[in-house]
Amino acid sequence: MKRAGQKVVAGTEAPGTSQTSKKQKTSLYGSGLGESDPPCTSMDWGSLPHHVILRVFQFLTLVDRARASSVCRRWNEVFHIPDLWRRFEFELSQPATSYLKSTHPDLIQQIIKRHADHLQYVSFKVDSSTESAEAACDILSQLVNCSIKTLGLISTAKPSFMNVSKAHFASALTVVFVNSKSLSSIKIDDTPLDDPSLKVLVANNSDTLKLLKMSSCPHVSPAGILCVADQCHGLKELALNYYILSDELLLALSSEKHVDLEHLRIDVVSENPGQVQFHTIKKQSWDALVKHSPKVNIVMYFFLYEDEFDAFFREETPVTHLYFGRAVSKAMLGRIGMNCPRLIELVVCANGLQPLDDELIQIAERCKNLTAMGLGECEVTCRGFIEFVKMCGGRLTQLSIMEEVLIPDSDYSLDRLHLEVSKHLGRMWFPDMMPTW
């Protein structure tokens, strides 16, 4: 690229170009039919239309975009067009300890000074260092003129926001809550968010908030999230930890004044065996939610030890997507077959060395909406697996089964199994060599 006023001429030759070079150029760029070289044309980079320059910027990385803005005054003007700054990701890291390429501090200050009121879809990606998380909070504290619609706080390694003082984090987040009157989507997992901060959120964004993701926020109590549900009547998606899920919360989300909830994600996590005594949610509370929001997806991620499942699925539960990140017992899978009639997707990473034929067949019989299944370190006989597939038929759009899961028997070998399964699915199918979920 040249600065404005300078011409870039295509088709001209450098001094001393040989006749051989000329012939090579003709053969490379000509049609090969004896045509002469194309006429000379010139390009003034500064005269390109704004929309063309804007398109060029959209293909550049942030650093290259900043460099390109120095081509000429026109390119610098486009660099500051509001549309270019509606979506922005601040990458904050410590160079010695992170693979992230951190956003340059000078550029950050320029963005805050000139484009804070243009930012609408903003995320902060930090590494595992406390310094990076604190830097993100410092930037949040400066967004006093913002009109952010979507905010995401993302830790690429361990959740470094948890190392920031609760007061510092709450103060920074409050700046965004108070000034962004159109805040509709917030992802603040693994942060020191607390109940007072949530009350500020409710006070300023109750009419606009539609999506709230706040798993692993240990300073938030059931009362805090209930306050959100009571006042944010437009809430459509909610992600939280099971310990703040309650009957009162489900009933609040089921009230007439609340819109239909579309997505409820619940993380059920235990760090040490027997660490947590999990409470039970009443069937009446689940029923109220589904009656009010009949199309709601209820997604549950389990990271428990086998002896910690006692509180779950003893009664009918309207869960639609189930993911088990640790071993789950045959008895537990049997409960799922009995009490999860709305189940759409089931992923079991591990079970043990007991064949799950009966449990899978029961799930196929009772879970009429099941369309996706994944099995990892489990065991199923080929006969039992084929019976499961036969009962589900073509509605199984995703079937990810490790080859080691399948036990050949007197009726089916692994070679024959894939043909039989493919016939019932109505498409070619093979077992996986590695997990795909």
# chains A, B, ... in the order shown; residues from 1 in each chain; ligands from 1
call {"tool": "residues_around", "arguments": {"residues": "A:Met373", "least_positions_apart": "4", "cutoff": "9 Å", "atoms": "only C-alpha atoms", "output": "number ranges by chain"}}
result
A: 344-348, 396-401
call {"tool": "write_last_selection", "arguments": {"atoms": "C-alpha atoms", "output": "PDB file, in the first residue's frame"}}
result
ATOM      1  CA  ILE A 344     -33.719 -35.306  23.194  1.00  0.00           C
ATOM      2  CA  GLU A 345     -29.989 -35.882  23.686  1.00  0.00           C
ATOM      3  CA  LEU A 346     -27.999 -38.146  26.000  1.00  0.00           C
ATOM      4  CA  VAL A 347     -24.203 -38.313  26.322  1.00  0.00           C
ATOM      5  CA  VAL A 348     -22.588 -40.765  28.749  1.00  0.00           C
ATOM      6  CA  LEU A 396     -31.529 -40.706  15.573  1.00  0.00           C
ATOM      7  CA  THR A 397     -29.827 -37.891  13.687  1.00  0.00           C
ATOM      8  CA  GLN A 398     -26.646 -38.120  15.800  1.00  0.00           C
ATOM      9  CA  LEU A 399     -25.219 -41.431  16.976  1.00  0.00           C
ATOM     10  CA  SER A 400     -21.663 -41.266  18.320  1.00  0.00           C
ATOM     11  CA  ILE A 401     -20.564 -44.616  19.761  1.00  0.00           C
TER      12      ILE A 401
END
call {"tool": "select_by_dssp", "arguments": {"residues": "stretch 215-276 of chain A", "states": "helix (DSSP H, G or I)", "output": "MDAnalysis selection string"}}
result
chainID A and resid 222:231 242:244 247:253
call {"tool": "residues_around", "arguments": {"residues": "stretch 180-185 of chain A", "least_positions_apart": "5", "cutoff": "8 Å", "atoms": "only C-alpha atoms", "output": "PyMOL selection string"}}
result
chain A and resi 146-151+204-205+208-212
call {"tool": "atom_distance", "arguments": {"atom1": "atom CA of A:Leu92", "atom2": "atom CA of A:Val56"}}
result
25.3 Å
call {"tool": "atom_distance", "arguments": {"atom1": "atom CA of A:Val122", "atom2": "atom CA of A:Phe90"}}
result
7.8 Å
call {"tool": "residues_around", "arguments": {"residues": "A:Ser329", "least_positions_apart": "3", "cutoff": "9 Å", "atoms": "only C-alpha atoms", "output": "list in words"}}
result
Glu306, Met332, Leu333, Gly334, Ala350, Asn351 and Gly352 of chain A
call {"tool": "closest_residue", "arguments": {"among": "A:Lys282, A:Lys368, A:Lys213, A:His263", "to": "A:Glu316", "atoms": "only C-alpha atoms"}}
result
A:Lys282
call {"tool": "select_by_dssp", "arguments": {"residues": "stretch 238-334 of chain A", "states": "strand (DSSP E or B)", "output": "list in words"}}
result
Leu238, Ala239, Leu240, Asn241, His263, Leu264, Arg265, Ile266, Asp267, Val268, Val269, Asn297, Ile298, Val299, Met300, Tyr301, Phe302, Phe303, His321, Leu322, Tyr323, Phe324, Gly325, Arg326 and Ala327 of chain A
